[in-house]
Amino acid sequence: MDESPRQNTLQQCIYCGKPIRVHLKRCPYCREAQSEKRAVQAAAPVSTAGHFRSGLLLILTAAAAHYLGGGYVPVAIPDPVRGALILLGPLLFLAGLAVTLRGVFLRLRA
């Protein structure tokens, strides 16, 4: 039995959520008046694009900061800059890891 014509004539009550006919002004279950506009709107979809790649880019930046701050380059870097790079490396890595995990979590949840 095909129920597609019947589903077109039903709507969900905006108060109790039970299916009612479209032309009814009051819900037969909760007796609440049905308005023309729907009170409940669907939530906007969560954007999951870019979080994973941004996190990986932050982790790569952390590796570059560690490389420069660790003295592995033949260029002489001043000590204050080297100290800032050494402190910046782990912070960027943790931030990148957090953004990457958020991207994975959002992708699994969607």
# chains A, B, ... in the order shown; residues from 1 in each chain; ligands from 1
call {"tool": "select_by_dssp", "arguments": {"residues": "chain A", "states": "alpha helix (DSSP H)", "output": "ChimeraX atom specification"}}
result
/A:4-8,51-69,79-109
call {"tool": "residues_around", "arguments": {"residues": "A:Tyr29", "least_positions_apart": "2", "cutoff": "10 Å", "atoms": "only C-alpha atoms", "output": "list in words"}}
result
Cys13, Tyr15, Cys16, Gly17, Lys18, Pro19, Ile20, Arg26, Cys27, Arg31 and Glu32 of chain A
call {"tool": "closest_residue", "arguments": {"among": "A:Leu106, A:Ile77, A:Ile86, A:Leu91", "to": "A:Ile59", "atoms": "only C-alpha atoms"}}
result
A:Leu91
call {"tool": "atom_distance", "arguments": {"atom1": "atom CA of A:Leu68", "atom2": "atom CA of A:Phe52"}}
result
24.7 Å
call {"tool": "residues_around", "arguments": {"residues": "A:Gly96", "least_positions_apart": "4", "cutoff": "6 Å", "atoms": "only C-alpha atoms", "output": "PDB file with all heavy atoms, in the first residue's frame"}}
result
ATOM      1  N   GLY A  55      43.495  22.133  11.254  1.00  0.00           N
ATOM      2  CA  GLY A  55      44.238  21.539  12.362  1.00  0.00           C
ATOM      3  C   GLY A  55      45.559  20.949  11.912  1.00  0.00           C
ATOM      4  O   GLY A  55      46.596  21.116  12.571  1.00  0.00           O
ATOM      5  N   LEU A  58      48.010  23.729  11.349  1.00  0.00           N
ATOM      6  CA  LEU A  58      48.580  24.226  12.605  1.00  0.00           C
ATOM      7  C   LEU A  58      49.653  23.284  13.129  1.00  0.00           C
ATOM      8  O   LEU A  58      50.684  23.729  13.661  1.00  0.00           O
ATOM      9  CB  LEU A  58      47.475  24.401  13.645  1.00  0.00           C
ATOM     10  CG  LEU A  58      46.612  25.647  13.511  1.00  0.00           C
ATOM     11  CD1 LEU A  58      45.448  25.598  14.492  1.00  0.00           C
ATOM     12  CD2 LEU A  58      47.433  26.889  13.743  1.00  0.00           C
ATOM     13  N   ILE A  59      49.444  21.977  12.995  1.00  0.00           N
ATOM     14  CA  ILE A  59      50.452  21.018  13.442  1.00  0.00           C
ATOM     15  C   ILE A  59      51.714  21.149  12.589  1.00  0.00           C
ATOM     16  O   ILE A  59      52.838  21.086  13.107  1.00  0.00           O
ATOM     17  CB  ILE A  59      49.870  19.587  13.399  1.00  0.00           C
ATOM     18  CG1 ILE A  59      48.796  19.430  14.475  1.00  0.00           C
ATOM     19  CG2 ILE A  59      50.958  18.543  13.580  1.00  0.00           C
ATOM     20  CD1 ILE A  59      48.051  18.126  14.429  1.00  0.00           C
ATOM     21  N   LEU A  92      51.111  25.664  19.358  1.00  0.00           N
ATOM     22  CA  LEU A  92      50.526  25.451  18.036  1.00  0.00           C
ATOM     23  C   LEU A  92      50.153  23.991  17.824  1.00  0.00           C
ATOM     24  O   LEU A  92      49.145  23.674  17.215  1.00  0.00           O
ATOM     25  CB  LEU A  92      51.493  25.914  16.946  1.00  0.00           C
ATOM     26  CG  LEU A  92      51.570  27.400  16.689  1.00  0.00           C
ATOM     27  CD1 LEU A  92      52.667  27.708  15.684  1.00  0.00           C
ATOM     28  CD2 LEU A  92      50.244  27.916  16.194  1.00  0.00           C
TER      29      LEU A  92
END
call {"tool": "closest_residue", "arguments": {"among": "A:Gln34, A:Val22, A:Leu85, A:Val99", "to": "A:Ala64", "atoms": "only C-alpha atoms"}}
result
A:Leu85
call {"tool": "residues_around", "arguments": {"residues": "A:Phe93", "least_positions_apart": "5", "cutoff": "10 Å", "atoms": "only C-alpha atoms", "output": "VMD selection string"}}
result
chain A and resid 55 to 63 65 to 66 88 98 to 99
call {"tool": "write_last_selection", "arguments": {"atoms": "N, CA and C atoms", "output": "mmCIF file, in the first residue's frame"}}
result
data_model
loop_
_atom_site.group_PDB
_atom_site.id
_atom_site.type_symbol
_atom_site.label_atom_id
_atom_site.label_comp_id
_atom_site.auth_asym_id
_atom_site.auth_seq_id
_atom_site.Cartn_x
_atom_site.Cartn_y
_atom_site.Cartn_z
ATOM 1 N N GLY A 55 43.495 22.133 11.254
ATOM 2 C CA GLY A 55 44.238 21.539 12.362
ATOM 3 C C GLY A 55 45.559 20.949 11.912
ATOM 4 N N LEU A 56 45.545 20.269 10.765
ATOM 5 C CA LEU A 56 46.792 19.707 10.249
ATOM 6 C C LEU A 56 47.772 20.809 9.848
ATOM 7 N N LEU A 57 47.261 21.916 9.343
ATOM 8 C CA LEU A 57 48.126 23.044 9.001
ATOM 9 C C LEU A 57 48.757 23.648 10.256
ATOM 10 N N LEU A 58 48.010 23.729 11.349
ATOM 11 C CA LEU A 58 48.580 24.226 12.605
ATOM 12 C C LEU A 58 49.653 23.284 13.129
ATOM 13 N N ILE A 59 49.444 21.977 12.995
ATOM 14 C CA ILE A 59 50.452 21.018 13.442
ATOM 15 C C ILE A 59 51.714 21.149 12.589
ATOM 16 N N LEU A 60 51.553 21.343 11.288
ATOM 17 C CA LEU A 60 52.712 21.550 10.417
ATOM 18 C C LEU A 60 53.448 22.837 10.776
ATOM 19 N N THR A 61 52.711 23.883 11.109
ATOM 20 C CA THR A 61 53.327 25.138 11.531
ATOM 21 C C THR A 61 54.088 24.949 12.840
ATOM 22 N N ALA A 62 53.552 24.132 13.735
ATOM 23 C CA ALA A 62 54.242 23.841 14.990
ATOM 24 C C ALA A 62 55.550 23.115 14.728
ATOM 25 N N ALA A 63 55.547 22.186 13.766
ATOM 26 C CA ALA A 63 56.785 21.476 13.429
ATOM 27 C C ALA A 63 57.820 22.438 12.855
ATOM 28 N N ALA A 65 58.027 25.680 13.502
ATOM 29 C CA ALA A 65 58.494 26.527 14.604
ATOM 30 C C ALA A 65 59.502 25.781 15.467
ATOM 31 N N HIS A 66 59.275 24.512 15.700
ATOM 32 C CA HIS A 66 60.218 23.700 16.489
ATOM 33 C C HIS A 66 61.542 23.546 15.737
ATOM 34 N N LEU A 88 56.256 28.668 21.204
ATOM 35 C CA LEU A 88 55.149 28.657 20.255
ATOM 36 C C LEU A 88 54.875 27.265 19.693
ATOM 37 N N ALA A 98 43.632 20.017 18.779
ATOM 38 C CA ALA A 98 42.260 20.277 19.203
ATOM 39 C C ALA A 98 41.353 20.566 18.005
ATOM 40 N N VAL A 99 41.817 21.369 17.056
ATOM 41 C CA VAL A 99 41.005 21.696 15.876
ATOM 42 C C VAL A 99 40.786 20.451 15.024
#
call {"tool": "closest_residue", "arguments": {"among": "A:Ala84, A:Arg53, A:Ser35, A:Gln12", "to": "A:Arg102", "atoms": "only C-alpha atoms"}}
result
A:Arg53
call {"tool": "atom_distance", "arguments": {"atom1": "atom CA of A:Leu87", "atom2": "atom CA of A:Thr100"}}
result
20.7 Å
